[in-house]
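Have a look at the structure below, then the notes.
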Amino acid sequence: MILDSKIPSGPLKDKWDKHKFEMKLINAANKRKYKAIVVGTGLAGASAAASLAELGYVVEAFTYNDSPRRAHSIAAQGGINAAKNYPNDGDSIWRLFYDTVKGGDFRAREGNVYRLAQVSNNIIDQCVAQGVPFAREYGGLLDNRSFGGAQVSRTFYARGQTGQQLLLGAYSALSRAIGKKQVTMYNRKEMLDIVIIDSKARGIVTRDLINGKIESFWADAVILATGGYGNVFFLSTNAQACNVTASYRAYKKGALFANPCYTQIHPTCIPLSGEHQSKLTLMSESLRNDGRIWVPKNKGDKRKPNEIPEEERDYYLERKYPSFGNLAPRDISSRSAKEVCDEGRGVSATGFGVYLDFADSINRLGKKVIEERYGNLFEMYERIVGEDPYKTPMMIYPASHYTMGGLWVDYNLMSTIPGLHILGEANFSDHGANRLGASALMQGLADGYFVIPYTIGDYFARNKFDKVNIDHPEFKKTESEVIEKTNKLLSIKGKKTPTMFHRELGEVMWEFCGMGRNEAGLKKALELVPKIREEFWQNLTITGEGNDLNISLEKAGRVADFLEFAEVLLWDALERDESCGAHFREEHQYPDGEAKRDDEHFAHVAAWEYRGVGNKPVRHIEPLEFENVQLAVRSYK
Amino acid sequence: MRLKLFIWRQKNATDKGHMEKYQVDDVLEDMSFLEMLDVLNEKLILEGKEPVAFDHDCREGICGACSLTINGIPHGHEKATTTCQLHMRKFKDGDSIYIEPFRAKAFPVIKDLVVDRSAFERIMQAGGFISINTGNAIEANALPISKKNADLAMDAAQCIGCGACVAACPNGAAMLFVSAKVSQFALLPQGQPERKRRVLSMVGQMEKEGFGACTNFYECEAACPKQIPVRFIAMMNRDYLCSRVTEPVEA
Amino acid sequence: MILINYLKSTILSKFVMAVTGVILVLFVIGHCVGNLQVFLGKDAFNSYAYFLQERLGELLLIIRLGLIVAVVFHIITSVRLKFLNLGAKPTKYQVKNYVKARLTSRTMIWTGIMIFAFLTYHILHFTMGVVHPEDYNKTDYYVTNAVSVEKVDNSTLKDTEGSDECCAKGTATTAKESLIKYKGSMYKVEGDEPILSERHDAYAMVISGFQKPLVSILYIIGVIILGFHLNHAIQSAFQTLGYNNPKYFPKIIVGSTIISILLVICYISIPISILLGLVGGRL
């Protein structure tokens with residue numbers, strides 16, 4: 001299969017403009033003859049649904065939450081990047097583009113990334129116009145801060161709740177469209193499959209989470225904005241319901257899944273405290289600016305941190321990376337934490353944690369300064385852990401946070417299934433092998449506000465659509481498959497709950513495919529995962545009925561898909577025999593621990609094609625061409 | 001920790017519902033309240049019983065999905081804390097804990113502890129926005145906004161739409177929620193063109209949904225996990241009265 | 001019907017509650033100041049009463065009508081809101097804990113009903129004289145042309161009280177004024193003839209009313225309930241009318257409590273003083 005990225009020709013700067021001009025338009029009066037389904041109402045989904053509705057298309061939007069506003073985009077804290085260059089510090093569209101490509105370790109498409117940087121400025125304008133209360137200076141103009149190690153201040157923020165405010169902005173636009181009856185909103189409906197007719201995506205099958213009804217919805221195009229798959233690790237910073245089902249169903253129906261092995265780990269999360277734990281909470285990375293990371297020098301040192309004398313502490317980041325020290329990049333600091341914990345020097349009840357100590361900073365700057373900078377984070381930490389970080393060092397541990405991989409899309413954000421468009425975290429397109437801080441919000445909104453409204457029109461204009469409705473045999477067939485699967489899950493009546501299987505899967509994935517990966521481990525995991533899946537289908541137990549609000553059934557369906565998807569992720573990690581960005585193969589590293597890329601063999605996108613459960617999927621390649629940037633080695637020494 | 005739980009069980013919207021008693025023995029103080037319920041649910045599933053349904057998602061206090069009334073206080077007794085961020089160390093061994101759904105006529109129970117908060121959606125759809133089409137925006141810095149107002153708007157915008165204000169209000173009033181939304185836009189210059197229409201239609205929808213009236217108990221403010229102050233209600237009252245007098249056509 | 005159209009809107013209803021409430025609070029304060037004149041003695045009190053009842057003329061009618069309208073709307077609105085609110089929370093919690101709502105705010109409708117009952121009794125007693133008519137039907141004769149009045153220590157003049165003759169003439173100090181003694185006081189009157197008028201003896205009514213312990217206790221209870229009501233009501237009116245400034249509102253809440261306590265103290269000082277014989281003991 002040839003993967004055509006459809007990147008327009010011509011100079012990088014003109015590609016998007018040229019493409020916009022070359023796209024076919026649909027007459028304003030004819031737009032209402034086209035219907036689009038949007039699944040997921042986070043930043044990408046809500047902004048897309050609202051924007052398409054404003055253009056005049058008929059839109060139906062779906063979320064499994066009780067309100068579009070609850071999507072997990074809401075949890076993003078840091079901010080959103082844009083190349084406005086308000087601080088006059090040398091930022092530009094080109095610099096944002098370059099930083100993003102470099103940050104992604106040269107595994108993203110130049111064309112996509114440049115477009116992202118271009119529209120980043122429009123996003124800020126749009127959000128301000130919607131009433132998003134970004135932080136401001138006393139002069140009344142927008143404030144910027146530097147974030148995630150960027151050398152320029154290009155991050156716009158709204159306290160520590162930027163994701164929430166941006167989502168509420170998109171949600172308000174969506175609400176307006178719903179109120180005007182331009183969008184039909186379906187809350188508490190989970191998409192369980194996609195329907196392909198004449199090789200085009202023509203609809204979805206959903207389960208109503210309140211009464212269990214399986215329903216079909218037809219459209220001329222389907223947009224998935226269903227987020228990432230970080231919950232494949234069981235414990236992650238994702239919300240409880242985040243899942244891979246929508247993406248995975250599309251994959252099973254023929255869409256290719258690109259770069260699933262690119263999963264980002266965030267270094268500063270609150271460590272897990274026991275088996276009961278349902279999620280990991282992220283704390284802003286800015287904590288590392290003033291905290292010193294250490295573990296005891298001796299294995300199994302169970303003394304309280306304050307009782308461990310200075311000379312028996314190992315400030316391992318400062319030791320290994322003297323110039324960057326505690327500010328070493330996310331992946332390096334995450335891996336180092338895992339290393340020391342694997343050596344048995346980890347702290348916290350589970351042994352998976354390292355200290356982040358503010359004692360020095362408090363002595364140097366005073367408690368008040370620290371309180372001003374991190375007061376709310378300290379408060380949150382104390383609430384969750386029950387210890388006062390002003391007195392006892394914080395404990396942190398890395399956790400799965402964001403997934404750069406996703407369904408393969410071309411420049412128009414369309415997958416390999418015609419009419420199936422993928423937006424936001426669910427696609428793979430912009431972040432390469434690693435995502436920069438404050439870029440996820442930017443990408444979600446760019447896709448929804450400024451890309452899909454153009455490209456979907458082109459798709460509609462260039463294609464003919466036969467009338468379909470939900471009585472079409474393909475819908476009936478898909479519905480009965482969904483019902484069959486549900487009944488099967490309900491009928492196993494074994495001895496283990498869906499959560500138990502999910503936890504087991506997560507442990508395997510985290511152990512062998514987490515921060516550091518190697519061939520032997522990945523092969524081991526490829527043996528273990530099918531076993532868990534097999535047991536799942538024989539020993540699962542779910543109580544309650546199918547035609548009712550049934551939380552264990554919902555969970556079981558999601559876990560079932562994770563159990564299949566995990567294998568795709570493992571295959572990708574195994575076959576990408578290099579280290580790049582967040583994908584760290586222990587076999588490929590420089591002596592200092594930095595990821596060693598293999599540009600000769602792996603400067604490409606790997607996109608996987610489904611070949612049946614348990615069979616190895618087929619790996620397709622989209623070569624990446626870099627015409628404008630020089631491939632360089634990252635160095636943080 | 002050993003706890004006695006009294007949990008509202010209700011099969012569906014039409015069922016009458018009742019409190020049921022559960023004993024959970026292996027509760028750790030590091031657990032969050034919802035993790036404690038997870039433990040109970042796992043136990044129930046293994047016993048072949050139906051788990052307790054409750055709304056939750058992000059579990060970091062921002063999505064607004066979680067919604068339990070714990071010992072008579074929405075989100076529990078801990079100040080400025082959502083249920084998902086409430087930890088079991090705030091309880092004592094042997095405690096009895098009463099867990100009920102958010103109660104109000106406008107929030108009918110769907111099942112167990114899950115309630116239907118779609119009334120909030122309809123209020124938002126009635127006017128909780130600034131009418132601006134995508135692509136239509138002016139340059140972001142073309143419109144200076146005083147830091148004071150931007151900060152105050154942000155205070156209002158922090159609302160997570162959980163509905164604790166309604167659940168806490170003895171009258172089931174939604175004034176805090178609606179006023180936070182109305183005030184956020186009323187404080188910003190972008191919100192001015194639609195200001196009057198917005199407050200009239202949002203309040204109008206609020207009243208259609210069957211929420212009660214404000215009696216200035218200030219229970220909403222106490223229960224609000226984001227500590228949104230009742231001064232926004234006063235602000236909205238003012239806005240509403242002015243708009244009623246000056247806006248000729250009722251939106 | 002247009003008059004009660006506002007009831008469709010909860011915020012307008014609350015506005016009506018607040019505005020009528022403010023009117024009634026102002027009345028309660030004014031009434032309190034007026035009542036305190038009982039401590040100034042019979043003449044001051046009765047002339048205040050006379051001023052209200054006779055001198056205001058049509059204005060009194062307007063004030064009374066205004067108050068009645070305020071009370072009626074206050075009650076109609078509150079009842080309507082109460083039913084609305086009960087309907088908005090059809091299922092109660094099995095366990096309910098309050099954090100900020102105080103006893104005073106939670107019991108507004110009940111204190112309101114009690115105040116209404118008390119008010120009815122109070123009007124029937126002191127304004128209309130329907131209950132305890134013996135308190136009400138008292139007449140005060142007084143000298144209308146008095147220039148000054150002073151207590152008489154011992155006098156050679158014959159007290160005219162109770163006699164048909166009405167007044168005893170004294171020796172004129174100047175050509176135009178003369179001294180007379182009337183009901184234990186020495187009046188300096190213009191001319192040489194005192195002119196006597198009758199007026200309602202409100203002072204005596206209050207004294208004899210409150211000298212009945214039961215009436216006094218009822219009154220004290222009524223006033224304390226009123227204080228409860230006002231404690232929440234005053235600051236609540238500010239909030240409803242849209243004034244809640246983070247700097248001043250805490251002071252308004254405290255002020256609301258202080259005013260309501262002051263009002264209670266002032267009001268109940270009257271029956272207490274009378275019961276203790278500090279006022280009107282000579283009657």
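Ordering of the structure tokens sets the chain letters (A, B, ...); residue numbers start at 1 within each chain; ligands are numbered from 1 in the order shown.
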Item to check | Distance filter 6 Å, only C-alpha atoms, chain B against chain A, as a PyMOL selection string | outcome: chain B and resi 45+48+50+57-58+63+125+129-130+134+137+139-141+144-147+150+154
The selected residues should be written to file as a PDB file, in the first residue's frame (atoms: N, CA and C atoms).
ATOM      1  N   ILE B  45     -18.969  -7.118  42.144  1.00  0.00           N
ATOM      2  CA  ILE B  45     -18.991  -7.869  40.879  1.00  0.00           C
ATOM      3  C   ILE B  45     -18.608  -9.324  41.142  1.00  0.00           C
ATOM      4  N   GLY B  48     -21.177 -11.383  42.290  1.00  0.00           N
ATOM      5  CA  GLY B  48     -22.288 -11.540  41.356  1.00  0.00           C
ATOM      6  C   GLY B  48     -23.347 -10.467  41.489  1.00  0.00           C
ATOM      7  N   GLU B  50     -24.643  -6.322  41.233  1.00  0.00           N
ATOM      8  CA  GLU B  50     -24.378  -5.171  40.373  1.00  0.00           C
ATOM      9  C   GLU B  50     -23.570  -4.109  41.092  1.00  0.00           C
ATOM     10  N   ASP B  57     -14.792  10.763  35.947  1.00  0.00           N
ATOM     11  CA  ASP B  57     -13.960  10.575  34.764  1.00  0.00           C
ATOM     12  C   ASP B  57     -12.502  10.962  35.012  1.00  0.00           C
ATOM     13  N   CYS B  58     -12.214  12.258  35.113  1.00  0.00           N
ATOM     14  CA  CYS B  58     -10.800  12.643  35.116  1.00  0.00           C
ATOM     15  C   CYS B  58     -10.095  12.254  36.413  1.00  0.00           C
ATOM     16  N   CYS B  63     -12.952  17.742  35.678  1.00  0.00           N
ATOM     17  CA  CYS B  63     -13.944  17.493  34.632  1.00  0.00           C
ATOM     18  C   CYS B  63     -15.359  17.741  35.135  1.00  0.00           C
ATOM     19  N   GLN B 125     -26.808  26.238  26.221  1.00  0.00           N
ATOM     20  CA  GLN B 125     -27.225  26.396  24.822  1.00  0.00           C
ATOM     21  C   GLN B 125     -28.100  27.628  24.640  1.00  0.00           C
ATOM     22  N   PHE B 129     -22.500  31.674  25.639  1.00  0.00           N
ATOM     23  CA  PHE B 129     -21.451  31.756  24.619  1.00  0.00           C
ATOM     24  C   PHE B 129     -21.365  33.180  24.109  1.00  0.00           C
ATOM     25  N   ILE B 130     -20.308  33.431  23.362  1.00  0.00           N
ATOM     26  CA  ILE B 130     -20.200  34.685  22.621  1.00  0.00           C
ATOM     27  C   ILE B 130     -20.371  34.291  21.162  1.00  0.00           C
ATOM     28  N   THR B 134     -16.054  30.727  13.707  1.00  0.00           N
ATOM     29  CA  THR B 134     -14.635  30.430  13.555  1.00  0.00           C
ATOM     30  C   THR B 134     -14.048  31.246  12.400  1.00  0.00           C
ATOM     31  N   ALA B 137     -12.404  36.135  14.180  1.00  0.00           N
ATOM     32  CA  ALA B 137     -11.905  36.863  15.345  1.00  0.00           C
ATOM     33  C   ALA B 137     -10.952  37.983  14.957  1.00  0.00           C
ATOM     34  N   GLU B 139      -7.604  40.351  15.952  1.00  0.00           N
ATOM     35  CA  GLU B 139      -6.303  40.084  16.568  1.00  0.00           C
ATOM     36  C   GLU B 139      -6.430  40.130  18.101  1.00  0.00           C
ATOM     37  N   ALA B 140      -5.854  39.116  18.738  1.00  0.00           N
ATOM     38  CA  ALA B 140      -6.094  38.913  20.161  1.00  0.00           C
ATOM     39  C   ALA B 140      -5.734  40.120  21.024  1.00  0.00           C
ATOM     40  N   ASN B 141      -4.646  40.799  20.662  1.00  0.00           N
ATOM     41  CA  ASN B 141      -4.216  41.914  21.505  1.00  0.00           C
ATOM     42  C   ASN B 141      -4.829  43.248  21.084  1.00  0.00           C
ATOM     43  N   PRO B 144      -7.567  45.335  24.646  1.00  0.00           N
ATOM     44  CA  PRO B 144      -6.994  45.208  25.995  1.00  0.00           C
ATOM     45  C   PRO B 144      -8.106  44.988  27.029  1.00  0.00           C
ATOM     46  N   ILE B 145      -7.820  44.169  27.997  1.00  0.00           N
ATOM     47  CA  ILE B 145      -8.788  43.902  29.062  1.00  0.00           C
ATOM     48  C   ILE B 145      -8.062  44.100  30.376  1.00  0.00           C
ATOM     49  N   SER B 146      -8.625  44.858  31.272  1.00  0.00           N
ATOM     50  CA  SER B 146      -7.926  45.125  32.520  1.00  0.00           C
ATOM     51  C   SER B 146      -7.663  43.812  33.238  1.00  0.00           C
ATOM     52  N   LYS B 147      -6.507  43.739  33.840  1.00  0.00           N
ATOM     53  CA  LYS B 147      -6.110  42.508  34.519  1.00  0.00           C
ATOM     54  C   LYS B 147      -7.125  42.127  35.585  1.00  0.00           C
ATOM     55  N   ALA B 150     -10.050  40.571  33.893  1.00  0.00           N
ATOM     56  CA  ALA B 150      -9.674  39.276  33.335  1.00  0.00           C
ATOM     57  C   ALA B 150      -9.560  38.246  34.455  1.00  0.00           C
ATOM     58  N   MET B 154     -11.884  35.024  35.157  1.00  0.00           N
ATOM     59  CA  MET B 154     -11.277  33.710  35.335  1.00  0.00           C
ATOM     60  C   MET B 154     -11.824  33.031  36.605  1.00  0.00           C
TER      61      MET B 154
END
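All residues of range 3-187 of chain C that DSSP, run on the backbone, classes as strand (DSSP E or B) are Thr139, Asp140, Tyr141, Tyr142, Val143, Ala146, Val147, Ser148, Val149, Glu150, Lys151, Ala168, Lys169, Glu177, Ser178, Leu179, Ile180, Lys181, Tyr182, Ser185, Met186 and Tyr187 of chain C.
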Within 10 Å of chain B, which residues of chain C show up when using only C-alpha atoms, listed as a short mmCIF file (atom, residue, chain, number, x, y, z; two decimals) with C-alpha atoms, in the first residue's frame?
data_model
loop_
_atom_site.label_atom_id
_atom_site.label_comp_id
_atom_site.auth_asym_id
_atom_site.auth_seq_id
_atom_site.Cartn_x
_atom_site.Cartn_y
_atom_site.Cartn_z
CA LYS C 8 -42.94 33.93 36.89
CA SER C 9 -39.37 35.02 37.36
CA THR C 10 -37.53 33.91 40.45
CA ILE C 11 -35.12 36.81 40.26
CA LEU C 12 -37.92 39.36 39.93
CA SER C 13 -39.70 37.66 42.79
CA LYS C 14 -36.62 37.97 44.89
CA PHE C 15 -36.38 41.59 43.83
CA LEU C 81 -41.29 31.03 46.24
CA LYS C 82 -41.58 28.57 49.08
CA PHE C 83 -43.81 26.30 47.04
CA LEU C 84 -41.54 26.66 44.05
CA ASN C 85 -38.53 25.79 46.16
CA LEU C 86 -40.20 22.82 47.77
CA GLY C 87 -41.04 21.59 44.30
CA ALA C 88 -37.48 22.07 43.10
CA LYS C 89 -36.19 19.67 45.74
CA PRO C 90 -38.80 16.94 45.84
CA THR C 91 -36.57 14.31 47.43
CA LYS C 92 -34.78 15.26 50.59
CA TYR C 93 -31.45 13.89 51.66
CA GLN C 94 -31.54 11.12 54.24
CA VAL C 95 -28.70 12.86 55.98
CA LYS C 96 -28.22 16.58 55.55
CA ASN C 97 -25.49 18.78 56.90
CA TYR C 98 -25.33 22.49 56.42
CA VAL C 99 -22.12 24.44 56.07
CA LYS C 100 -23.05 28.05 55.57
CA ALA C 101 -26.83 28.18 55.84
CA ARG C 102 -27.72 29.33 59.34
CA LEU C 103 -30.75 28.63 61.42
CA THR C 104 -31.97 32.14 60.69
CA SER C 105 -31.76 31.74 56.93
CA ARG C 106 -33.30 28.30 56.90
CA MET C 108 -37.31 32.53 57.11
CA HIS C 232 -30.86 37.16 57.52
CA ALA C 233 -33.14 39.56 55.69
CA GLN C 235 -27.91 41.40 54.23
CA SER C 236 -29.97 39.18 51.95
CA ALA C 237 -31.65 42.25 50.47
CA PHE C 238 -28.26 43.68 49.55
CA GLN C 239 -27.29 40.44 47.83
CA THR C 240 -30.58 40.19 45.97
CA LEU C 241 -30.45 43.76 44.83
CA GLY C 242 -27.03 43.10 43.45
CA TYR C 243 -24.70 44.64 45.96
CA ASN C 244 -22.04 42.19 47.02
CA ASN C 245 -18.61 43.66 47.08
CA PRO C 246 -15.92 41.49 48.64
CA PHE C 249 -20.21 42.65 52.05
#
Next on the checklist: Give me, as a PyMOL selection string, all polymer residues having an atom no more than 10 Å from Phe126 in chain C, counting only C-alpha atoms and skipping those fewer than 6 positions away in the same chain.
Outcome noted: chain C and resi 132-133+135-136+202+205-206+209
At most 12 Å is the cut-off: for each residue in range 426-504 of chain A with any atom that close to an atom of range 601-611 of chain A, write down the nearest atom pair and the distance in Å rounded to one decimal, counting only C-alpha atoms, chain first then increasing number, as JSON lines.
{"residue": "A:Asn427", "atom": "CA", "partner": "A:Ala607", "partner_atom": "CA", "distance": 11.5}
{"residue": "A:Phe428", "atom": "CA", "partner": "A:Val605", "partner_atom": "CA", "distance": 9.3}
{"residue": "A:Ser429", "atom": "CA", "partner": "A:Val605", "partner_atom": "CA", "distance": 9.5}
{"residue": "A:Asp430", "atom": "CA", "partner": "A:Val605", "partner_atom": "CA", "distance": 11.6}
{"residue": "A:His431", "atom": "CA", "partner": "A:Val605", "partner_atom": "CA", "distance": 11.8}
{"residue": "A:Gly432", "atom": "CA", "partner": "A:Val605", "partner_atom": "CA", "distance": 8.7}
{"residue": "A:Ala433", "atom": "CA", "partner": "A:Val605", "partner_atom": "CA", "distance": 9.8}
Next on the checklist: Applying 9 Å and only C-alpha atoms, which residues near Leu275 in chain C remain after dropping the ones on its own chain fewer than 3 positions away? List them as a list in words.
Outcome noted: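 Returned residues: Ile207, Phe210, Gln211, Lys212, Pro213, Ser216, Ile270, Pro271, Ile272, Leu278, Val279 and Gly281 of chain C.
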Let me see the file: selected residues, N, CA and C atoms, as a tab-separated table (two decimals), in the first residue's frame.
chain	number	residue	atom	x	y	z
C	207	ILE	N	-48.78	51.40	78.42
C	207	ILE	CA	-48.46	51.02	79.79
C	207	ILE	C	-49.41	49.93	80.28
C	210	PHE	N	-48.76	46.59	78.43
C	210	PHE	CA	-47.56	45.85	78.79
C	210	PHE	C	-47.50	45.50	80.27
C	211	GLN	N	-48.39	46.10	81.01
C	211	GLN	CA	-48.38	45.70	82.42
C	211	GLN	C	-48.97	44.31	82.61
C	212	LYS	N	-49.65	43.83	81.54
C	212	LYS	CA	-50.10	42.43	81.58
C	212	LYS	C	-48.91	41.57	81.16
C	213	PRO	N	-48.38	40.76	82.06
C	213	PRO	CA	-47.16	40.00	81.75
C	213	PRO	C	-47.32	39.15	80.49
C	216	SER	N	-46.83	41.18	77.42
C	216	SER	CA	-45.42	41.54	77.30
C	216	SER	C	-44.59	40.38	76.78
C	270	ILE	N	-38.95	48.29	76.07
C	270	ILE	CA	-40.20	48.95	76.49
C	270	ILE	C	-41.03	48.07	77.42
C	271	PRO	N	-41.43	46.87	76.96
C	271	PRO	CA	-42.23	46.05	77.89
C	271	PRO	C	-41.46	45.70	79.15
C	272	ILE	N	-40.14	45.50	79.01
C	272	ILE	CA	-39.37	45.13	80.20
C	272	ILE	C	-39.38	46.28	81.22
C	278	LEU	N	-40.32	50.72	85.69
C	278	LEU	CA	-39.44	51.86	85.45
C	278	LEU	C	-40.15	52.93	84.64
C	279	VAL	N	-41.11	52.50	83.87
C	279	VAL	CA	-41.88	53.45	83.06
C	279	VAL	C	-43.35	53.28	83.40
C	281	GLY	N	-44.92	53.73	85.99
C	281	GLY	CA	-45.24	53.17	87.28
C	281	GLY	C	-46.25	54.02	88.05
Checklist entry - Residues at most 10 Å from His74 in chain C, counting only C-alpha atoms, excluding those fewer than 6 positions away in the same chain, as a PyMOL selection string? => result chain C and resi 13-14+16-21+24+68+112
Item to check | Close residues, Ser284 in chain A itself excluded, 10 Å, only C-alpha atoms, min 2 positions apart in chain, as a PyMOL selection string | outcome: chain A and resi 76-78+148+160+266-269+281-282+286-288+374+377
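When only C-alpha atoms are used to compute distances to Ala186 in chain B, the closest of the residues B:Arg198, B:Lys49, B:Arg122, B:Lys43 turns out to be B:Arg198.
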Using only C-alpha atoms, which protein or nucleic acid residues come within 10 Å of Lys42 in chain C? Drop anything in the same chain fewer than 3 positions from it, and give the result as a PDB file with C-alpha atoms, in the first residue's frame.
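Output contents, as saved in selection-v2.pdb:
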ATOM      1  CA  GLN C  37     -40.400  58.027  73.010  1.00  0.00           C
ATOM      2  CA  VAL C  38     -42.342  56.216  75.656  1.00  0.00           C
ATOM      3  CA  PHE C  39     -39.248  56.816  77.756  1.00  0.00           C
ATOM      4  CA  PHE C  45     -45.424  59.977  73.545  1.00  0.00           C
ATOM      5  CA  ASN C  46     -49.002  61.069  73.227  1.00  0.00           C
ATOM      6  CA  SER C  47     -48.146  64.083  71.166  1.00  0.00           C
ATOM      7  CA  TYR C  48     -46.090  61.779  68.873  1.00  0.00           C
ATOM      8  CA  ASP C 140     -55.840  62.030  77.329  1.00  0.00           C
ATOM      9  CA  ASP C 201     -54.018  58.201  75.378  1.00  0.00           C
ATOM     10  CA  ALA C 202     -51.533  55.962  73.577  1.00  0.00           C
ATOM     11  CA  TYR C 203     -49.161  56.148  76.477  1.00  0.00           C
ATOM     12  CA  ALA C 204     -51.690  54.744  78.856  1.00  0.00           C
ATOM     13  CA  ILE C 207     -48.465  51.016  79.794  1.00  0.00           C
ATOM     14  CA  VAL C 279     -41.877  53.453  83.061  1.00  0.00           C
ATOM     15  CA  GLY C 280     -45.455  54.349  83.734  1.00  0.00           C
ATOM     16  CA  LEU C 283     -50.060  55.590  86.279  1.00  0.00           C
TER      17      LEU C 283
END
Next on the checklist: as number ranges by chain, please: every residue in range 207-316 of chain A that a backbone DSSP assignment puts in helix (DSSP H, G or I).
Outcome noted: A: 230-233, 245-252, 285-289, 305-307, 310-312, 316
Item to check | CA of Arg576 in chain A to CA of His588 in chain A, straight-line distance in Å | outcome: 10.8 Å
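Nearest residue to Gly254 in chain A, choosing from A:Pro530, A:Pro418, A:Gly581, A:Gly593 and counting only C-alpha atoms: A:Pro418.
CA of Ile621 in chain A is found 15.1 Å from CA of Leu574 in chain A.
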Checklist entry - In Å to one decimal, how far is CA of Ile180 in chain C from CA of Asn145 in chain C? => result 11.2 Å
Next on the checklist: Which residue is closest to Thr155 in chain A? Choose from A:Ala28, A:Val38, A:Val113, A:Ala83 and count only C-alpha atoms.
Outcome noted: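 Checking each candidate against Thr155 in chain A, we get A:Ala83 as the closest.
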